[in-house]
$ cat protein.pdb   # PDB, C-alpha atoms
MODEL        1
ATOM      1  CA  MET A   1      -4.947 -13.419 -26.739
ATOM      2  CA  ARG A   2      -1.361 -14.590 -26.759
ATOM      3  CA  LEU A   3      -0.592 -17.351 -24.257
ATOM      4  CA  SER A   4       2.921 -18.500 -23.508
ATOM      5  CA  ARG A   5       4.242 -21.238 -21.310
ATOM      6  CA  PRO A   6       6.408 -20.597 -18.269
ATOM      7  CA  GLN A   7      10.077 -20.671 -19.253
ATOM      8  CA  ILE A   8      11.511 -24.081 -18.439
ATOM      9  CA  HIS A   9      15.102 -25.021 -19.297
ATOM     10  CA  THR A  10      16.699 -28.331 -20.180
ATOM     11  CA  ASP A  11      20.284 -27.254 -19.706
ATOM     12  CA  HIS A  12      22.151 -27.723 -16.451
ATOM     13  CA  ASN A  13      19.637 -30.176 -15.095
ATOM     14  CA  PHE A  14      16.929 -27.894 -13.818
ATOM     15  CA  ARG A  15      19.288 -25.376 -12.260
ATOM     16  CA  LYS A  16      18.471 -22.110 -14.004
ATOM     17  CA  THR A  17      15.035 -20.528 -13.820
ATOM     18  CA  LYS A  18      13.850 -17.352 -15.524
ATOM     19  CA  ASN A  19      10.676 -15.705 -14.341
ATOM     20  CA  ARG A  20       8.651 -14.401 -17.236
ATOM     21  CA  PRO A  21       5.325 -12.576 -17.027
ATOM     22  CA  ALA A  22       2.577 -14.941 -18.192
ATOM     23  CA  ARG A  23      -1.005 -14.170 -19.151
ATOM     24  CA  LEU A  24      -2.148 -17.191 -17.189
ATOM     25  CA  GLY A  25      -0.119 -16.338 -14.091
ATOM     26  CA  GLY A  26      -3.184 -15.199 -12.183
ATOM     27  CA  LEU A  27      -5.160 -18.322 -12.994
ATOM     28  CA  VAL A  28      -2.278 -20.569 -12.068
ATOM     29  CA  ALA A  29      -1.826 -18.725  -8.791
ATOM     30  CA  VAL A  30      -5.514 -19.071  -8.067
ATOM     31  CA  LEU A  31      -5.362 -22.761  -8.800
ATOM     32  CA  LEU A  32      -2.319 -23.328  -6.610
ATOM     33  CA  ALA A  33      -3.737 -21.218  -3.765
ATOM     34  CA  VAL A  34      -7.467 -20.557  -4.035
ATOM     35  CA  SER A  35      -8.026 -17.234  -2.348
ATOM     36  CA  VAL A  36     -11.686 -16.436  -2.890
ATOM     37  CA  ALA A  37     -13.504 -16.568   0.411
ATOM     38  CA  ALA A  38     -16.979 -18.077   0.535
ATOM     39  CA  CYS A  39     -19.771 -15.545   0.476
ATOM     40  CA  GLY A  40     -23.494 -15.606   1.211
ATOM     41  CA  ASP A  41     -25.461 -17.821   3.547
ATOM     42  CA  ASN A  42     -24.804 -21.528   3.651
ATOM     43  CA  PRO A  43     -28.055 -23.304   4.448
ATOM     44  CA  ASP A  44     -26.645 -26.782   3.843
ATOM     45  CA  LYS A  45     -25.951 -28.812   6.954
ATOM     46  CA  GLY A  46     -23.361 -30.904   5.148
ATOM     47  CA  HIS A  47     -20.084 -29.729   3.678
ATOM     48  CA  PRO A  48     -17.967 -31.156   0.853
ATOM     49  CA  ASP A  49     -14.635 -30.721   2.651
ATOM     50  CA  ALA A  50     -13.672 -33.845   4.581
ATOM     51  CA  GLY A  51     -13.433 -33.250   8.313
ATOM     52  CA  ASP A  52     -14.915 -29.767   8.071
ATOM     53  CA  ARG A  53     -16.991 -28.335  10.906
ATOM     54  CA  VAL A  54     -18.987 -25.287  11.840
ATOM     55  CA  VAL A  55     -16.867 -23.040  14.070
ATOM     56  CA  ALA A  56     -19.229 -20.066  14.504
ATOM     57  CA  ARG A  57     -22.713 -18.805  13.695
ATOM     58  CA  VAL A  58     -23.641 -15.231  12.952
ATOM     59  CA  GLU A  59     -27.431 -15.205  13.169
ATOM     60  CA  LYS A  60     -28.425 -17.748  10.476
ATOM     61  CA  HIS A  61     -25.063 -17.744   8.736
ATOM     62  CA  GLU A  62     -22.719 -20.666   9.449
ATOM     63  CA  ILE A  63     -18.944 -20.174   9.353
ATOM     64  CA  TRP A  64     -16.975 -23.317   8.611
ATOM     65  CA  ALA A  65     -13.387 -24.102   9.502
ATOM     66  CA  SER A  66     -12.620 -24.238   5.768
ATOM     67  CA  ASP A  67     -13.906 -20.667   5.395
ATOM     68  CA  VAL A  68     -11.412 -19.485   8.006
ATOM     69  CA  ARG A  69      -8.552 -21.457   6.499
ATOM     70  CA  ARG A  70      -9.347 -20.121   3.023
ATOM     71  CA  GLU A  71      -9.236 -16.567   4.371
ATOM     72  CA  ALA A  72      -5.870 -17.276   6.019
ATOM     73  CA  VAL A  73      -4.533 -18.549   2.682
ATOM     74  CA  ALA A  74      -5.917 -15.479   0.904
ATOM     75  CA  GLN A  75      -4.071 -13.216   3.334
ATOM     76  CA  GLY A  76      -0.845 -15.157   2.850
ATOM     77  CA  LEU A  77      -0.772 -16.214   6.501
ATOM     78  CA  ILE A  78      -0.422 -19.903   5.600
ATOM     79  CA  GLY A  79       0.386 -21.879   2.485
ATOM     80  CA  ASP A  80      -2.255 -23.541   0.350
ATOM     81  CA  ALA A  81      -1.318 -27.019   1.558
ATOM     82  CA  GLU A  82      -0.607 -25.970   5.141
ATOM     83  CA  PRO A  83      -3.089 -27.021   7.840
ATOM     84  CA  LEU A  84      -4.614 -24.550  10.285
ATOM     85  CA  ASP A  85      -5.400 -25.845  13.767
ATOM     86  CA  VAL A  86      -8.792 -24.640  14.972
ATOM     87  CA  THR A  87      -7.347 -24.293  18.475
ATOM     88  CA  SER A  88      -4.510 -21.995  17.395
ATOM     89  CA  GLU A  89      -4.325 -18.268  18.073
ATOM     90  CA  LEU A  90      -4.017 -17.574  14.350
ATOM     91  CA  PHE A  91      -7.233 -19.458  13.617
ATOM     92  CA  ARG A  92      -9.115 -17.478  16.252
ATOM     93  CA  ARG A  93      -7.769 -14.177  14.942
ATOM     94  CA  VAL A  94      -8.781 -14.963  11.362
ATOM     95  CA  LEU A  95     -12.122 -16.286  12.589
ATOM     96  CA  ASP A  96     -12.804 -12.938  14.271
ATOM     97  CA  GLU A  97     -12.087 -11.214  10.959
ATOM     98  CA  VAL A  98     -14.480 -13.529   9.119
ATOM     99  CA  VAL A  99     -17.148 -12.844  11.759
ATOM    100  CA  ASP A 100     -16.637  -9.089  11.318
ATOM    101  CA  GLN A 101     -16.910  -9.406   7.544
ATOM    102  CA  THR A 102     -20.095 -11.442   7.933
ATOM    103  CA  LEU A 103     -21.606  -8.801  10.220
ATOM    104  CA  LEU A 104     -20.768  -6.092   7.692
ATOM    105  CA  ALA A 105     -22.262  -8.131   4.836
ATOM    106  CA  ASN A 106     -25.448  -8.800   6.821
ATOM    107  CA  GLU A 107     -25.834  -5.118   7.618
ATOM    108  CA  ALA A 108     -25.258  -4.221   3.962
ATOM    109  CA  GLU A 109     -28.069  -6.576   3.005
ATOM    110  CA  ARG A 110     -30.333  -5.142   5.691
ATOM    111  CA  ARG A 111     -29.805  -1.703   4.183
ATOM    112  CA  GLY A 112     -30.518  -3.006   0.715
ATOM    113  CA  LEU A 113     -27.052  -2.253  -0.636
ATOM    114  CA  ASP A 114     -26.944  -5.638  -2.339
ATOM    115  CA  ASN A 115     -29.768  -4.575  -4.652
ATOM    116  CA  SER A 116     -27.814  -1.792  -6.338
ATOM    117  CA  ALA A 117     -26.515  -2.274  -9.878
ATOM    118  CA  ALA A 118     -22.924  -1.798  -8.722
ATOM    119  CA  ALA A 119     -23.316  -4.459  -6.039
ATOM    120  CA  GLN A 120     -24.877  -6.909  -8.464
ATOM    121  CA  ARG A 121     -22.008  -6.489 -10.925
ATOM    122  CA  ARG A 122     -19.413  -7.045  -8.214
ATOM    123  CA  LEU A 123     -21.249 -10.042  -6.772
ATOM    124  CA  GLU A 124     -21.540 -11.558 -10.246
ATOM    125  CA  ALA A 125     -17.797 -11.040 -10.778
ATOM    126  CA  VAL A 126     -17.062 -12.954  -7.558
ATOM    127  CA  ARG A 127     -19.502 -15.688  -8.577
ATOM    128  CA  GLN A 128     -17.833 -16.083 -11.963
ATOM    129  CA  ARG A 129     -14.399 -16.195 -10.375
ATOM    130  CA  ILE A 130     -15.413 -18.909  -7.943
ATOM    131  CA  LEU A 131     -17.081 -21.006 -10.638
ATOM    132  CA  GLY A 132     -14.078 -20.524 -12.916
ATOM    133  CA  ASP A 133     -11.732 -21.625 -10.141
ATOM    134  CA  MET A 134     -13.817 -24.732  -9.539
ATOM    135  CA  LEU A 135     -13.787 -25.621 -13.243
ATOM    136  CA  VAL A 136     -10.033 -25.109 -13.449
ATOM    137  CA  GLU A 137      -9.449 -27.233 -10.359
ATOM    138  CA  SER A 138     -11.598 -30.012 -11.760
ATOM    139  CA  ALA A 139     -10.075 -29.948 -15.233
ATOM    140  CA  VAL A 140      -6.432 -29.578 -14.243
ATOM    141  CA  ASP A 141      -6.546 -32.029 -11.366
ATOM    142  CA  LYS A 142      -6.420 -34.873 -13.878
ATOM    143  CA  ALA A 143      -3.331 -33.452 -15.572
ATOM    144  CA  VAL A 144      -1.390 -32.858 -12.352
ATOM    145  CA  SER A 145      -1.198 -36.440 -11.127
ATOM    146  CA  ASP A 146       1.687 -38.284  -9.504
ATOM    147  CA  GLU A 147       2.026 -40.363 -12.660
ATOM    148  CA  ALA A 148       2.261 -37.240 -14.854
ATOM    149  CA  VAL A 149       4.850 -35.679 -12.535
ATOM    150  CA  GLN A 150       6.981 -38.812 -12.493
ATOM    151  CA  ARG A 151       6.675 -39.227 -16.256
ATOM    152  CA  LEU A 152       7.797 -35.663 -16.984
ATOM    153  CA  TYR A 153      10.613 -35.899 -14.437
ATOM    154  CA  ALA A 154      11.902 -39.101 -16.034
ATOM    155  CA  GLU A 155      11.732 -37.537 -19.495
ATOM    156  CA  GLN A 156      13.638 -34.462 -18.363
ATOM    157  CA  GLN A 157      16.264 -36.605 -16.685
ATOM    158  CA  ARG A 158      16.705 -38.511 -19.922
ATOM    159  CA  ARG A 159      17.082 -35.325 -21.975
ATOM    160  CA  ALA A 160      19.179 -33.328 -19.546
ATOM    161  CA  LYS A 161      22.819 -32.763 -20.443
ATOM    162  CA  ARG A 162      25.098 -33.417 -17.508
ATOM    163  CA  SER A 163      27.749 -30.812 -16.818
ATOM    164  CA  GLU A 164      30.654 -30.532 -14.420
ATOM    165  CA  GLU A 165      30.498 -28.611 -11.169
ATOM    166  CA  VAL A 166      33.458 -26.776  -9.726
ATOM    167  CA  ARG A 167      33.946 -25.726  -6.132
ATOM    168  CA  LEU A 168      35.937 -22.504  -5.810
ATOM    169  CA  ARG A 169      37.368 -20.263  -3.120
ATOM    170  CA  LEU A 170      37.711 -16.561  -3.764
ATOM    171  CA  ILE A 171      39.808 -13.673  -2.473
ATOM    172  CA  LEU A 172      38.562 -10.436  -4.006
ATOM    173  CA  SER A 173      40.603  -7.219  -3.944
ATOM    174  CA  ASP A 174      39.848  -3.642  -4.976
ATOM    175  CA  SER A 175      43.121  -3.187  -6.878
ATOM    176  CA  ARG A 176      45.746  -5.156  -8.752
ATOM    177  CA  ALA A 177      48.374  -4.158  -6.198
ATOM    178  CA  GLU A 178      46.292  -5.611  -3.350
ATOM    179  CA  ALA A 179      45.699  -8.783  -5.361
ATOM    180  CA  ASP A 180      49.451  -9.144  -6.003
ATOM    181  CA  ALA A 181      50.073  -8.756  -2.262
ATOM    182  CA  VAL A 182      47.542 -11.516  -1.583
ATOM    183  CA  LEU A 183      49.227 -13.759  -4.117
ATOM    184  CA  ALA A 184      52.573 -13.118  -2.436
ATOM    185  CA  LEU A 185      51.167 -14.135   0.954
ATOM    186  CA  LEU A 186      49.803 -17.347  -0.511
ATOM    187  CA  GLY A 187      53.172 -18.018  -2.090
ATOM    188  CA  GLN A 188      54.752 -17.787   1.352
ATOM    189  CA  GLY A 189      52.457 -20.573   2.599
ATOM    190  CA  ALA A 190      49.634 -18.541   4.142
ATOM    191  CA  SER A 191      46.298 -20.334   4.406
ATOM    192  CA  PHE A 192      43.922 -19.371   1.590
ATOM    193  CA  GLU A 193      40.958 -19.500   3.981
ATOM    194  CA  ALA A 194      42.680 -17.242   6.534
ATOM    195  CA  VAL A 195      43.748 -14.672   3.928
ATOM    196  CA  ALA A 196      40.231 -14.670   2.456
ATOM    197  CA  ALA A 197      38.709 -14.025   5.882
ATOM    198  CA  GLN A 198      41.120 -11.144   6.531
ATOM    199  CA  ARG A 199      41.494  -9.465   3.136
ATOM    200  CA  SER A 200      38.692 -10.381   0.748
ATOM    201  CA  VAL A 201      36.194  -7.591   0.019
ATOM    202  CA  ASP A 202      33.524 -10.080  -1.051
ATOM    203  CA  GLU A 203      31.143  -9.983   1.914
ATOM    204  CA  ALA A 204      29.193 -13.046   0.778
ATOM    205  CA  SER A 205      32.141 -15.442   0.913
ATOM    206  CA  ARG A 206      34.676 -13.828   3.235
ATOM    207  CA  ALA A 207      33.193 -15.306   6.407
ATOM    208  CA  LEU A 208      33.318 -18.737   4.762
ATOM    209  CA  GLY A 209      36.995 -18.532   3.962
ATOM    210  CA  GLY A 210      36.180 -17.510   0.405
ATOM    211  CA  ASP A 211      34.097 -20.627  -0.261
ATOM    212  CA  LEU A 212      31.724 -20.135  -3.213
ATOM    213  CA  GLY A 213      30.327 -23.663  -3.108
ATOM    214  CA  TYR A 214      29.705 -25.835  -6.140
ATOM    215  CA  ALA A 215      28.507 -24.313  -9.409
ATOM    216  CA  THR A 216      28.585 -25.156 -13.084
ATOM    217  CA  PRO A 217      30.981 -22.918 -15.044
ATOM    218  CA  ASP A 218      28.138 -21.152 -16.862
ATOM    219  CA  LEU A 219      26.881 -19.778 -13.537
ATOM    220  CA  LEU A 220      30.244 -18.163 -12.796
ATOM    221  CA  PRO A 221      31.420 -14.803 -14.124
ATOM    222  CA  PRO A 222      32.795 -15.557 -17.614
ATOM    223  CA  VAL A 223      36.335 -14.473 -16.682
ATOM    224  CA  TYR A 224      36.311 -16.900 -13.759
ATOM    225  CA  ALA A 225      35.080 -19.762 -15.941
ATOM    226  CA  THR A 226      37.799 -19.040 -18.505
ATOM    227  CA  ALA A 227      40.541 -18.756 -15.881
ATOM    228  CA  ILE A 228      39.813 -22.109 -14.245
ATOM    229  CA  THR A 229      39.498 -24.069 -17.506
ATOM    230  CA  ASP A 230      41.525 -27.284 -17.242
ATOM    231  CA  GLN A 231      42.767 -26.301 -13.765
ATOM    232  CA  THR A 232      42.973 -29.237 -11.378
ATOM    233  CA  ALA A 233      41.914 -29.307  -7.739
ATOM    234  CA  GLY A 234      44.318 -27.318  -5.575
ATOM    235  CA  SER A 235      45.298 -24.898  -8.347
ATOM    236  CA  VAL A 236      45.482 -21.184  -7.508
ATOM    237  CA  VAL A 237      44.548 -18.861 -10.381
ATOM    238  CA  GLY A 238      44.842 -15.128 -10.726
ATOM    239  CA  PRO A 239      44.841 -12.240 -10.339
ATOM    240  CA  VAL A 240      41.799 -12.053 -12.656
ATOM    241  CA  GLU A 241      40.030  -8.763 -13.323
ATOM    242  CA  ALA A 242      36.247  -8.826 -13.010
ATOM    243  CA  GLY A 243      34.034  -5.783 -12.815
ATOM    244  CA  GLY A 244      36.860  -3.434 -11.827
ATOM    245  CA  ARG A 245      38.075  -5.727  -9.048
ATOM    246  CA  TRP A 246      40.738  -8.403  -8.919
ATOM    247  CA  ALA A 247      40.184 -12.014  -7.923
ATOM    248  CA  ILE A 248      42.428 -14.807  -6.738
ATOM    249  CA  LEU A 249      40.731 -18.207  -7.165
ATOM    250  CA  ARG A 250      41.514 -21.647  -5.861
ATOM    251  CA  VAL A 251      39.939 -24.738  -7.377
ATOM    252  CA  GLU A 252      38.808 -26.884  -4.464
ATOM    253  CA  ASP A 253      37.113 -29.738  -6.286
ATOM    254  CA  ARG A 254      35.524 -30.890  -9.529
ATOM    255  CA  ARG A 255      32.652 -33.345  -9.789
ATOM    256  CA  ALA A 256      29.852 -34.451 -12.086
ATOM    257  CA  GLU A 257      26.734 -32.338 -11.689
ATOM    258  CA  ILE A 258      24.229 -33.886  -9.278
ATOM    259  CA  PRO A 259      20.648 -33.912 -10.589
ATOM    260  CA  PRO A 260      17.772 -32.841  -8.334
ATOM    261  CA  THR A 261      15.571 -35.475  -6.786
ATOM    262  CA  LEU A 262      11.969 -35.934  -7.840
ATOM    263  CA  GLU A 263      10.770 -34.163  -4.703
ATOM    264  CA  GLN A 264      13.044 -31.190  -5.352
ATOM    265  CA  ALA A 265      11.822 -30.892  -8.938
ATOM    266  CA  ARG A 266       8.157 -31.563  -8.122
ATOM    267  CA  PRO A 267       7.024 -27.944  -7.406
ATOM    268  CA  VAL A 268       8.134 -26.651 -10.790
ATOM    269  CA  ILE A 269       6.842 -29.721 -12.618
ATOM    270  CA  VAL A 270       3.455 -29.247 -10.957
ATOM    271  CA  ARG A 271       3.434 -25.607 -11.966
ATOM    272  CA  TYR A 272       4.280 -26.515 -15.564
ATOM    273  CA  LEU A 273       1.536 -29.142 -15.770
ATOM    274  CA  THR A 274      -0.928 -26.762 -14.126
ATOM    275  CA  TYR A 275      -0.147 -24.023 -16.594
ATOM    276  CA  GLU A 276      -0.483 -26.377 -19.536
ATOM    277  CA  GLY A 277      -3.822 -27.662 -18.257
ATOM    278  CA  VAL A 278      -5.219 -24.136 -17.860
ATOM    279  CA  ARG A 279      -3.834 -23.065 -21.237
ATOM    280  CA  GLN A 280      -5.398 -25.993 -23.058
ATOM    281  CA  LEU A 281      -8.727 -25.492 -21.304
ATOM    282  CA  LEU A 282      -8.856 -21.803 -22.239
ATOM    283  CA  GLU A 283      -7.764 -22.594 -25.773
ATOM    284  CA  GLN A 284     -10.674 -25.011 -26.146
ATOM    285  CA  LEU A 285     -13.180 -22.565 -24.669
ATOM    286  CA  ARG A 286     -12.013 -19.676 -26.836
ATOM    287  CA  GLY A 287     -12.208 -21.896 -29.882
ATOM    288  CA  LYS A 288     -15.890 -22.610 -29.216
ATOM    289  CA  ALA A 289     -17.062 -19.216 -27.963
ATOM    290  CA  LYS A 290     -17.717 -15.993 -29.845
ATOM    291  CA  VAL A 291     -15.686 -13.244 -28.187
ATOM    292  CA  GLU A 292     -16.009  -9.674 -29.448
ATOM    293  CA  PHE A 293     -14.000  -6.731 -28.119
ATOM    294  CA  GLU A 294     -15.608  -3.293 -28.087
ATOM    295  CA  ILE A 295     -12.328  -1.440 -27.654
ATOM    296  CA  ASP A 296      -9.283  -1.178 -29.865
ATOM    297  CA  PRO A 297      -6.119  -3.067 -28.859
ATOM    298  CA  PRO A 298      -3.198  -1.065 -27.410
ATOM    299  CA  ARG A 299      -1.165   0.750 -30.039
ATOM    300  CA  SER A 300       1.912  -1.295 -29.167
ATOM    301  CA  ALA A 301       0.068  -4.546 -29.742
ATOM    302  CA  PRO A 302      -0.424  -6.066 -33.214
ATOM    303  CA  GLN A 303      -3.904  -5.560 -34.675
ATOM    304  CA  THR A 304      -4.228  -9.302 -35.257
ATOM    305  CA  PRO A 305      -2.997 -11.304 -32.271
ATOM    306  CA  PRO A 306      -0.810 -14.274 -33.170
ATOM    307  CA  ALA A 307      -2.746 -17.524 -33.224
ATOM    308  CA  VAL A 308      -2.292 -19.840 -30.291
ATOM    309  CA  SER A 309      -0.831 -23.171 -31.257
ATOM    310  CA  THR A 310      -3.484 -25.857 -31.264
ATOM    311  CA  ALA A 311      -0.981 -28.584 -30.447
ATOM    312  CA  ALA A 312      -0.009 -28.674 -26.805
ATOM    313  CA  ALA A 313       3.139 -30.493 -25.802
ATOM    314  CA  PRO A 314       2.270 -33.843 -24.199
ATOM    315  CA  ALA A 315       3.082 -33.970 -20.516
ATOM    316  CA  SER A 316       5.318 -36.953 -21.112
ATOM    317  CA  ALA A 317       7.277 -35.347 -23.927
ATOM    318  CA  PRO A 318       7.673 -31.561 -23.669
ATOM    319  CA  ALA A 319       9.247 -29.614 -26.481
ATOM    320  CA  ALA A 320      12.991 -29.942 -26.785
ATOM    321  CA  SER A 321      13.439 -26.270 -25.963
ATOM    322  CA  THR A 322      11.772 -26.656 -22.610
ATOM    323  CA  SER A 323      12.730 -28.374 -19.423
ATOM    324  CA  VAL A 324      11.823 -28.345 -15.796
ATOM    325  CA  THR A 325      13.808 -26.327 -13.317
ATOM    326  CA  SER A 326      14.188 -26.763  -9.609
ATOM    327  CA  THR A 327      16.009 -25.469  -6.594
ATOM    328  CA  PRO A 328      19.725 -26.245  -6.887
ATOM    329  CA  VAL A 329      20.725 -29.417  -5.111
ATOM    330  CA  THR A 330      23.956 -28.027  -3.762
ATOM    331  CA  SER A 331      25.177 -24.721  -2.485
ATOM    332  CA  THR A 332      25.288 -22.049  -5.168
ATOM    333  CA  LYS A 333      26.478 -19.093  -3.186
ATOM    334  CA  SER A 334      26.771 -16.313  -5.698
ATOM    335  CA  PRO A 335      29.994 -14.303  -5.859
ATOM    336  CA  THR A 336      27.929 -11.141  -5.909
ATOM    337  CA  GLY A 337      30.814  -9.000  -5.015
ATOM    338  CA  SER A 338      32.964 -10.489  -7.716
ATOM    339  CA  ALA A 339      31.016  -9.833 -10.862
TER     340      ALA A 339
ENDMDL
END
$ encode --input "protein.pdb" --output "C-alpha cells"
Amino acid sequence: MRLSRPQIHTDHNFRKTKNRPARLGGLVAVLLAVSVAACGDNPDKGHPDAGDRVVARVEKHEIWASDVRREAVAQGLIGDAEPLDVTSELFRRVLDEVVDQTLLANEAERRGLDNSAAAQRRLEAVRQRILGDMLVESAVDKAVSDEAVQRLYAEQQRRAKRSEEVRLRLILSDSRAEADAVLALLGQGASFEAVAAQRSVDEASRALGGDLGYATPDLLPPVYATAITDQTAGSVVGPVEAGGRWAILRVEDRRAEIPPTLEQARPVIVRYLTYEGVRQLLEQLRGKAKVEFEIDPPRSAPQTPPAVSTAAAPASAPAASTSVTSTPVTSTKSPTGSA
C-alpha cells in the first residue's frame, strides 16, 4: 500500500495549496470529525464525555447529548469542534432522528434480524471502525499538540522564502482596438477606477474599480507578471494580450509579502501532523502484521507496491520539499476573466 503525505509547499509562505488524493484521507477525515454514531444499548450510568447527560430514553436504551451531537457532525450540520445547545431546534430535530433510528434498531432486534450473517458482518465492520477511530485519536493526539504546532510553524517561518506582493488594477477588453481606446481615455486624464467600472469585461474586478488586490507575481498570469516587472507604483502598463483578451494594468503598490499568523496556519499544520501520525501508526502495524491479499492488484498498478519509507519526517523538521500552507493573509482576488 502506497502512502503519500498531503502536498505542503514552502514557497510563497504558505500561500499555495494543491489538493491531492491521499490513501489516508478517509482516516484523517474521521479523526478530524468522528462521524460514527454510537450503537447498541448503553447500560453504564456514567459517561466519559465531560458534561454529558441523558436527553432521552427509548425503553431501556439511553440517548446521550453526545450521541445527538455526533449524529449532527456526521450529517455535516455542525463542525467537529462546534457546540450544539440541547435547547436548540437543531438539537431537537436531530434527537428525533436518533430516537427514530433507535426504534428501528430495537424492532430489528425483536425480529431477530441482528442474528443473520449479513447483519453480523456489518455490525462487526462498524465495531472495527469505531475501535480504529479510538486508537487513531489516542495515538495521534500526542502528535497534534500546541507545542508541535508551534514548533512546525516556527520551522516553516524560518525556511520560507519571502517574496514581493504587488497590488494591481485591471481594465480588460475583448479586442486590441477597445484596449487602445481605454488607453487613450486614461491618457486624457480619466480615472482608472471609473474607466474600469464602465468598460472592463472582467466581472470579478469591475465593480471594485479593477482592483485585483495583493498577490505575488507567480499567482498572476505570466504575461501580467512579465509586463509589470520593475514597474513602480502608479505605472500604467499595456495593452497586454492574455487568453485572447487585452489588459491595461496599473501598479498600485508593492510590498514585502506578509506571512500568515500562527492561527491562520494552524488548520493546515494540524492536518499535516494528523496525517503523519496516522501514516506512522499504520506503517508500524503493517510492519508487524501478516497481510495477504486473495485478489490480484489492478492491471494499472505495479505488481510489487513501492515500499513505504520507514523514516518519517520529524514534526519539528519536515523535509525541505514540504511546507505548510494556509489561507492567504490578504486579498487574492483572482483575475479569472483575464487569464
$ resolve_selection --input "protein.pdb" --expression "the PyMOL selection byres ((chain A and resi 140) around 12)" --output "mmCIF file with C-alpha atoms, in the coordinates of the input"
data_model
loop_
_atom_site.group_PDB
_atom_site.id
_atom_site.type_symbol
_atom_site.label_atom_id
_atom_site.label_comp_id
_atom_site.auth_asym_id
_atom_site.auth_seq_id
_atom_site.Cartn_x
_atom_site.Cartn_y
_atom_site.Cartn_z
ATOM 1 C CA LEU A 27 -5.160 -18.322 -12.994
ATOM 2 C CA VAL A 28 -2.278 -20.569 -12.068
ATOM 3 C CA LEU A 31 -5.362 -22.761 -8.800
ATOM 4 C CA LEU A 32 -2.319 -23.328 -6.610
ATOM 5 C CA GLY A 132 -14.078 -20.524 -12.916
ATOM 6 C CA ASP A 133 -11.732 -21.625 -10.141
ATOM 7 C CA MET A 134 -13.817 -24.732 -9.539
ATOM 8 C CA LEU A 135 -13.787 -25.621 -13.243
ATOM 9 C CA VAL A 136 -10.033 -25.109 -13.449
ATOM 10 C CA GLU A 137 -9.449 -27.233 -10.359
ATOM 11 C CA SER A 138 -11.598 -30.012 -11.760
ATOM 12 C CA ALA A 139 -10.075 -29.948 -15.233
ATOM 13 C CA ASP A 141 -6.546 -32.029 -11.366
ATOM 14 C CA LYS A 142 -6.420 -34.873 -13.878
ATOM 15 C CA ALA A 143 -3.331 -33.452 -15.572
ATOM 16 C CA VAL A 144 -1.390 -32.858 -12.352
ATOM 17 C CA SER A 145 -1.198 -36.440 -11.127
ATOM 18 C CA ALA A 148 2.261 -37.240 -14.854
ATOM 19 C CA VAL A 270 3.455 -29.247 -10.957
ATOM 20 C CA ARG A 271 3.434 -25.607 -11.966
ATOM 21 C CA TYR A 272 4.280 -26.515 -15.564
ATOM 22 C CA LEU A 273 1.536 -29.142 -15.770
ATOM 23 C CA THR A 274 -0.928 -26.762 -14.126
ATOM 24 C CA TYR A 275 -0.147 -24.023 -16.594
ATOM 25 C CA GLU A 276 -0.483 -26.377 -19.536
ATOM 26 C CA GLY A 277 -3.822 -27.662 -18.257
ATOM 27 C CA VAL A 278 -5.219 -24.136 -17.860
ATOM 28 C CA ARG A 279 -3.834 -23.065 -21.237
ATOM 29 C CA GLN A 280 -5.398 -25.993 -23.058
ATOM 30 C CA LEU A 281 -8.727 -25.492 -21.304
ATOM 31 C CA LEU A 282 -8.856 -21.803 -22.239
#
$ atom_distance --input "protein.pdb" --atom1 "atom CA of A:Pro83" --atom2 "atom CA of A:Val99"
20.3 Å
$ closest_residue --input "protein.pdb" --among "A:Ala105, A:Arg53, A:Leu212, A:Val94" --to "A:Leu123" --atoms "only C-alpha atoms"
A:Ala105
$ axis_aligned_box --input "protein.pdb" --around "stretch 120-136 of chain A" --padding-each-side "3 Å" --output "lines of an AutoDock Vina configuration file"
center_x = -17.5
center_y = -16.1
center_z = -10.1
size_x = 20.8
size_y = 25.1
size_z = 12.7
$ closest_residue --input "protein.pdb" --among "A:Gly287, A:Pro222, A:Pro239, A:Gly213" --to "A:Glu252" --atoms "all atoms listed in the file"
A:Gly213
$ atom_distance --input "protein.pdb" --atom1 "atom CA of A:Asp202" --atom2 "atom CA of A:Ala247"
9.8 Å
$ resolve_selection --input "protein.pdb" --expression "the PyMOL selection byres ((chain A and resi 231) around 12)" --output "count of residues only"
23
$ atom_distance --input "protein.pdb" --atom1 "atom CA of A:Phe293" --atom2 "atom CA of A:Ala117"
22.6 Å
